[in-house]
Every structure is written in C-alpha cells, then in structure tokens.
>>> print(open('query.txt').read())   # compact mmCIF, C-alpha atoms
# COMPACT_ATOMS: atom_id res chain seq x y z
CA MET A 7 0.00 0.00 0.00
CA SER A 8 1.47 3.36 -1.03
CA CYS A 9 -1.01 5.69 0.65
CA GLU A 10 -3.41 5.36 3.54
CA LEU A 11 -6.41 7.14 4.97
CA ARG A 12 -5.06 9.76 7.37
CA SER A 13 -8.16 11.72 8.37
CA LEU A 14 -11.67 12.89 7.56
CA SER A 15 -12.00 16.64 7.02
CA PHE A 16 -15.22 18.61 7.56
CA ASP A 17 -15.54 22.12 6.14
CA VAL A 18 -17.56 24.05 8.73
CA ARG A 19 -18.25 27.60 9.87
CA ASP A 20 -17.14 27.12 13.50
CA PRO A 21 -14.46 24.39 13.73
CA ALA A 22 -13.86 24.59 17.49
CA ALA A 23 -17.56 24.40 18.36
CA LEU A 24 -18.22 21.46 16.07
CA ALA A 25 -15.10 19.65 17.27
CA ALA A 26 -16.40 20.02 20.84
CA PHE A 27 -19.83 18.67 19.81
CA TRP A 28 -18.44 15.59 18.09
CA ALA A 29 -15.87 14.94 20.82
CA ARG A 30 -18.73 14.54 23.31
CA VAL A 31 -20.90 12.45 20.98
CA LEU A 32 -18.07 10.12 19.93
CA GLY A 33 -16.22 10.06 23.24
CA ARG A 34 -12.99 11.28 21.68
CA ASP A 35 -10.28 13.69 22.82
CA VAL A 36 -9.70 17.02 21.09
CA GLY A 37 -6.16 17.68 19.87
CA GLU A 38 -4.03 20.69 20.78
CA SER A 39 -5.36 22.70 17.83
CA GLY A 40 -8.88 22.55 19.30
CA THR A 41 -10.24 21.62 15.87
CA GLU A 42 -9.20 17.98 15.48
CA LEU A 43 -10.49 14.81 17.14
CA LEU A 44 -7.78 12.29 17.91
CA PRO A 45 -8.27 8.61 17.02
CA ALA A 46 -9.86 6.65 19.86
CA GLY A 47 -8.20 3.38 18.85
CA PRO A 48 -5.79 1.82 16.35
CA SER A 49 -8.44 1.41 13.63
CA ASP A 50 -9.70 5.04 13.90
CA VAL A 51 -8.55 8.06 11.92
CA ALA A 52 -8.42 11.69 12.99
CA ILE A 53 -11.39 13.95 12.23
CA ARG A 54 -10.46 17.52 11.29
CA PHE A 55 -12.77 20.54 11.25
CA CYS A 56 -11.66 23.22 8.79
CA ARG A 57 -13.07 26.73 8.64
CA ARG A 58 -14.94 27.76 5.50
CA ASP A 59 -17.45 30.58 5.45
CA ASP A 60 -19.28 29.46 2.28
CA VAL A 61 -20.11 25.90 3.33
CA ARG A 62 -22.85 24.47 1.14
CA GLN A 63 -26.18 24.07 2.92
CA GLY A 64 -28.53 21.10 2.64
CA LEU A 65 -28.05 17.35 2.74
CA GLY A 66 -24.59 16.05 1.93
CA ARG A 67 -23.50 12.99 0.01
CA THR A 68 -21.87 11.48 3.09
CA HIS A 69 -22.91 10.91 6.71
CA PHE A 70 -21.88 8.99 9.82
CA ASP A 71 -23.75 5.92 11.02
CA LEU A 72 -23.15 5.59 14.78
CA THR A 73 -23.43 2.17 16.40
CA SER A 74 -25.37 1.18 19.51
CA ALA A 75 -24.70 -1.87 21.66
CA THR A 76 -28.14 -1.69 23.32
CA ALA A 77 -31.44 0.13 22.92
CA ALA A 78 -30.56 2.17 26.01
CA GLU A 79 -27.27 3.24 24.45
CA GLN A 80 -29.05 4.38 21.29
CA ASP A 81 -31.47 6.45 23.39
CA SER A 82 -28.56 7.89 25.39
CA THR A 83 -26.64 8.89 22.26
CA VAL A 84 -29.70 10.60 20.79
CA ALA A 85 -30.44 12.43 24.05
CA LEU A 86 -26.84 13.60 24.41
CA ALA A 87 -26.65 14.85 20.83
CA LEU A 88 -29.94 16.76 21.20
CA ASP A 89 -28.75 18.29 24.47
CA LEU A 90 -25.58 19.47 22.72
CA GLY A 91 -27.45 21.19 19.90
CA ALA A 92 -28.39 18.49 17.37
CA SER A 93 -31.89 18.26 15.92
CA HIS A 94 -34.18 15.65 14.41
CA ILE A 95 -34.47 15.79 10.62
CA ASP A 96 -36.62 14.02 8.04
CA VAL A 97 -34.75 12.51 5.08
CA GLY A 98 -37.56 10.16 4.10
CA GLN A 99 -36.99 7.51 6.76
CA LEU A 100 -39.96 5.28 7.51
CA PRO A 101 -41.62 5.14 10.97
CA GLU A 102 -40.86 1.41 11.27
CA GLU A 103 -37.14 1.89 10.68
CA GLY A 104 -35.10 1.58 13.86
CA HIS A 105 -32.45 4.21 13.26
CA VAL A 106 -32.73 7.85 14.32
CA VAL A 107 -31.72 10.61 11.88
CA LEU A 108 -30.24 13.77 13.37
CA ALA A 109 -28.31 16.83 12.20
CA ASP A 110 -25.40 18.32 14.12
CA PRO A 111 -25.43 22.05 15.05
CA GLU A 112 -24.29 23.00 11.52
CA GLY A 113 -26.81 20.78 9.76
CA ASN A 114 -24.60 17.77 8.94
CA GLU A 115 -26.87 14.74 9.06
CA PHE A 116 -25.96 11.52 10.88
CA CYS A 117 -27.77 8.36 11.92
CA VAL A 118 -27.81 6.63 15.30
CA ILE A 119 -28.30 2.99 14.38
CA GLU A 120 -30.29 0.56 16.49
CA ALA A 121 -28.62 -2.28 18.38
CA GLY A 122 -28.23 -5.58 16.56
CA ASN A 123 -27.48 -4.18 13.10
CA GLY A 124 -25.61 -7.02 11.38
CA PHE A 125 -23.85 -4.88 8.77
CA LEU A 126 -22.21 -2.79 11.49
CA ALA A 127 -21.32 -5.67 13.81
CA ASP A 128 -17.70 -5.57 14.98
CA THR A 129 -17.01 -2.12 13.54
CA ALA A 130 -16.43 1.00 15.68
CA ARG A 131 -18.30 3.92 17.29
CA ILE A 132 -18.60 5.30 13.78
CA GLY A 133 -19.83 2.06 12.27
CA ALA A 134 -19.91 3.38 8.73
CA LEU A 135 -19.22 6.43 6.66
CA SER A 136 -22.27 6.06 4.41
CA CYS A 137 -22.08 7.71 1.00
CA ASP A 138 -24.09 8.25 -2.13
CA GLY A 139 -22.04 6.58 -4.81
CA THR A 140 -21.80 4.17 -7.71
CA ARG A 141 -20.19 0.75 -7.67
CA ALA A 142 -17.32 2.24 -9.69
CA VAL A 143 -16.41 4.61 -6.86
CA GLY A 144 -16.43 1.77 -4.34
CA LEU A 145 -14.02 -0.20 -6.53
CA PHE A 146 -11.86 2.91 -6.94
CA TRP A 147 -11.51 3.42 -3.20
CA SER A 148 -10.79 -0.24 -2.57
CA GLU A 149 -7.79 0.05 -4.91
CA ALA A 150 -6.81 3.53 -3.71
CA VAL A 151 -6.29 2.58 -0.06
CA ALA A 152 -5.94 -1.23 -0.38
CA TRP A 153 -9.04 -1.93 1.72
CA PRO A 154 -10.89 -5.08 0.64
CA LEU A 155 -14.50 -5.05 -0.47
CA VAL A 156 -16.64 -6.41 2.36
CA TRP A 157 -19.90 -5.85 0.47
CA ASP A 158 -20.53 -5.95 -3.28
CA GLU A 159 -24.12 -6.57 -4.31
CA GLY A 160 -25.81 -4.86 -7.22
CA GLU A 161 -24.59 -1.26 -7.14
CA GLU A 162 -23.96 -1.29 -3.38
CA THR A 163 -20.38 -1.62 -2.13
CA ALA A 164 -18.48 -1.25 1.12
CA ILE A 165 -14.83 -1.42 2.09
CA GLN A 166 -13.12 -1.84 5.46
CA SER A 167 -9.56 -1.66 6.67
CA PRO A 168 -7.88 -5.05 7.23
CA ALA A 169 -7.48 -3.82 10.82
CA GLY A 170 -11.27 -3.52 11.16
CA GLY A 171 -13.10 -0.42 12.36
CA THR A 172 -15.32 1.92 10.37
CA LYS A 173 -16.66 0.77 7.00
CA ILE A 174 -16.99 3.12 4.06
CA ALA A 175 -20.16 2.24 2.16
CA TRP A 176 -21.75 3.44 -1.09
CA GLY A 177 -25.46 2.94 -1.62
CA GLY A 178 -25.55 2.99 -5.43
CA PRO A 179 -27.60 5.26 -7.68
CA PRO A 180 -29.28 7.65 -7.74
CA VAL A 181 -26.34 9.79 -6.65
CA ALA A 182 -27.20 13.26 -5.34
CA ALA A 183 -26.39 16.07 -7.73
CA LYS A 184 -23.07 17.78 -7.17
CA GLU A 185 -23.49 21.34 -5.84
CA GLY A 186 -20.21 23.04 -4.97
CA LEU A 187 -17.48 21.49 -2.84
CA ASP A 188 -18.34 18.55 -0.61
CA LYS A 189 -18.62 19.32 3.10
CA LEU A 190 -16.65 16.21 4.03
CA ARG A 191 -13.61 14.71 2.29
CA LEU A 192 -11.10 11.93 2.81
CA ASP A 193 -7.43 12.85 3.35
CA LEU A 194 -4.76 10.37 2.25
CA VAL A 195 -1.09 10.41 3.18
CA VAL A 196 1.72 8.86 1.13
CA THR A 197 3.43 5.93 2.85
CA GLY A 198 6.54 3.82 2.46
CA ASP A 199 9.01 4.68 -0.31
CA SER A 200 6.39 6.18 -2.62
CA THR A 201 6.22 9.86 -3.56
CA LEU A 202 3.40 12.35 -3.87
CA ASP A 203 3.82 12.58 -7.66
CA HIS A 204 3.76 8.79 -8.02
CA GLU A 205 0.63 8.45 -5.89
CA VAL A 206 -1.19 11.19 -7.77
CA GLU A 207 -0.34 9.42 -11.04
CA ARG A 208 -1.52 6.09 -9.64
CA LEU A 209 -4.83 7.54 -8.43
CA VAL A 210 -5.43 9.33 -11.72
CA GLY A 211 -4.80 6.01 -13.45
CA LEU A 212 -7.50 4.46 -11.27
CA GLY A 213 -10.04 7.08 -12.37
CA ALA A 214 -9.40 10.20 -10.27
CA ARG A 215 -8.78 13.64 -11.73
CA ARG A 216 -6.62 16.47 -10.48
CA LEU A 217 -8.34 19.69 -9.37
CA ASP A 218 -6.82 23.11 -9.85
CA LEU A 219 -7.38 24.39 -6.31
CA GLU A 220 -4.67 25.68 -3.99
CA LEU A 221 -3.96 23.72 -0.82
CA GLU A 222 -1.12 23.53 1.69
CA PRO A 223 2.41 22.84 0.37
CA GLY A 224 2.85 19.13 -0.26
CA GLU A 225 -0.89 18.51 -0.66
CA VAL A 226 -2.82 17.79 -3.88
CA LEU A 227 -6.60 17.91 -4.28
CA LEU A 228 -8.22 15.27 -6.51
CA ALA A 229 -11.75 14.15 -7.33
CA ASP A 230 -12.80 10.50 -7.37
CA PRO A 231 -14.91 8.96 -10.20
CA ASP A 232 -18.12 10.33 -8.65
CA ASP A 233 -16.55 13.83 -8.44
CA ASN A 234 -16.01 13.81 -4.65
CA GLU A 235 -12.96 15.82 -3.58
CA PHE A 236 -10.16 14.20 -1.59
CA SER A 237 -6.61 15.20 -0.76
CA VAL A 238 -3.26 13.42 -0.96
CA VAL A 239 -0.45 14.63 1.28
CA ALA A 240 3.28 13.92 1.11
CA GLN A 241 4.91 12.45 4.21
CA GLY A 242 6.44 15.13 6.43
CA SER A 243 4.96 18.01 4.43
CA GLU A 244 3.32 21.08 5.94
CA GLY A 245 -0.03 19.59 4.97
CA ASP A 246 0.78 16.35 6.78
CA ALA A 247 1.81 18.23 9.91
CA ARG A 248 -1.16 20.58 10.13
CA GLY A 249 -3.83 20.14 12.75
>>> encode(input="query.txt", output="structure tokens")
Amino acid sequence: MSCELRSLSFDVRDPAALAAFWARVLGRDVGESGTELLPAGPSDVAIRFCRRDDVRQGLGRTHFDLTSATAAEQDSTVALALDLGASHIDVGQLPEEGHVVLADPEGNEFCVIEAGNGFLADTARIGALSCDGTRAVGLFWSEAVAWPLVWDEGEETAIQSPAGGTKIAWGGPPVAAKEGLDKLRLDLVVTGDSTLDHEVERLVGLGARRLDLELEPGEVLLADPDDNEFSVVAQGSEGDARG
C-alpha cells in the first residue's frame, strides 16, 4: 500500500464548536489545535474541522452511522446529541425503521443505528461512513487505499480496513447532484518509499482527476470517479503536519 487514509475533514463555519460537539458524541479527545479529534483506537482516523465561510447548505453525500450496543445506548446517544445542539431531521426515513436521523449544530446529518445491526457488527463507534455513490467509486476506493471489499451486491459496495473499524459504504444510484465542494472529504497520506507525484499518477490512473485548487504545500486535491474531492499529502509536508 502506497497511501493510507489519514483523516476525515469537515468544512464548517465554527471548527472549534463542532469539534467540541463531536468529541462529546463520539467520546474522543480534542487535539491541541482545538479543531481535530484524535483517534480513539488503532483502527480510527483523525477527524479535522476546517473553517470555511461558504459551506454548502442542505443534505450532503456522506454521513456517519453511529453504532449502539443496546437500545438504552441508542437512546442515550440521541439524548446527548440533542442536548448538545443536534436536531431531528426528516430525510424520508420510515416510521418502522429503527435508526434515528439527526443533524449536528451546523446541519450535517448523521444516523444513530439501532442495536443488533448485522452490517455494522464488529465495527467501531462510527460504524460506517455512508455515501451516495456508484459501484465504480467503491471499486476505486478499494484500490486507492488497499481496503478489501466487504460488500458488493448490485450497485452497493463497502470497504473496510484489514485492521477492522469503520466501514466506508456506497449505496448505489441515484447519486445526489453535485453542488459546490463537498462538506466532508477523505485525506490520504503517502506511505513507504512512494512519492506524492507517483501516488497522484496512480490515483489518476484508477479514475481520479486532479483539481486546480490551492492547498497547503505538499498537498494535492483530486476528485474520485463520482466527483467527490479528496486530498493526498506527502509524508512530512506542511499539509501532513497541520492540525
């Protein structure tokens, strides 16, 4: 593997406030910057909150599915999130469905999944990063980060690190229309003896495209086959060290 998933980055209006919200909900520590959640275990990645004043409003293409070990834990997670400023939202869920759909204080939707969900068994607090997306994008990401497919039926795919933890899942078409920059993106870091240029070439060969947007030194912004932005950072660069 020549690059690995380093972090998830949220573009938000108030990074410190949203980091504090998610730290409480996920039970994670906040890093020294005040805007990054540290991994809670070896299979977790950091979660970064980056300031952007023109964050797109409305439903995103990606959301967290939070796991629950018991019905009481699901109720407790929902109550805590609401107490911290979350709200109930309607995305078309049916009354008989067991999960609860909420939005964080800046409107980013997430689901608190009921206990006993087989797909999320043996995952992590964030059981899945659930995305709109085609089968092609699931195959792309499996190759990009060398995570095996753990689900591949019809147009639905999911990948998971060999170390376990959070799954990344794509629900197949229809894929929500693209409107401006995504609110959440994946950040990759180059590993081993590879170089940033080599990794960018490899990812473009897999179906990504390079975007002409300025980032930190040593960081390149790409779009995957479904046009979702993601970054690739060289080891030891300013971009790799930020946070």
>>> closest_residue(input="query.txt", among="A:Arg19, A:His105, A:His94, A:Arg12", to="A:Pro45", atoms="only C-alpha atoms")
A:Arg12
>>> atom_distance(input="query.txt", atom1="atom CA of A:Glu159", atom2="atom CA of A:Ile119")
21.4 Å
>>> closest_residue(input="query.txt", among="A:Leu221, A:Ala85, A:Val118, A:Ile165", to="A:Gly104", atoms="only C-alpha atoms")
A:Val118
>>> atom_distance(input="query.txt", atom1="atom CA of A:Ser74", atom2="atom CA of A:Ala130")
9.7 Å
>>> closest_residue(input="query.txt", among="A:Glu222, A:Glu162, A:Pro180, A:Pro21", to="A:Asp59", atoms="all atoms listed in the file")
A:Pro21
>>> closest_residue(input="query.txt", among="A:Leu32, A:Leu86, A:Ala240, A:Leu228", to="A:Asp203", atoms="all atoms listed in the file")
A:Ala240
>>> residues_near_point(input="query.txt", point="(-17.7, 3.7, 11.1)", cutoff="10 Å", atoms="all atoms listed in the file", output="VMD selection string")
chain A and resid 49 to 50 69 to 73 126 129 to 136 166 170 to 175
>>> closest_residue(input="query.txt", among="A:Gly47, A:Ser167, A:Trp28, A:Leu14", to="A:Ser148", atoms="all atoms listed in the file")
A:Ser167
>>> closest_residue(input="query.txt", among="A:Leu145, A:Val195, A:Leu11, A:Ile53", to="A:Leu212", atoms="only C-alpha atoms")
A:Leu145
>>> atom_distance(input="query.txt", atom1="atom CA of A:Ile95", atom2="atom CA of A:Ala109")
6.4 Å
>>> residues_around(input="query.txt", residues="A:Gly33", least_positions_apart="3", cutoff="10 Å", atoms="only C-alpha atoms", output="list in words")
Phe27, Trp28, Ala29, Arg30, Val36, Leu43, Ala46 and Arg131 of chain A
>>> residues_around(input="query.txt", residues="stretch 213-219 of chain A", least_positions_apart="3", cutoff="12 Å", atoms="only C-alpha atoms", output="PyMOL selection string")
chain A and resi 142-147+149-150+187+203+205-210+222-223+225-238
>>> residues_around(input="query.txt", residues="A:Leu108", least_positions_apart="3", cutoff="7 Å", atoms="only C-alpha atoms", output="list in words")
Ala92, Ser93, His94, Ile95, Glu115, Phe116 and Cys117 of chain A
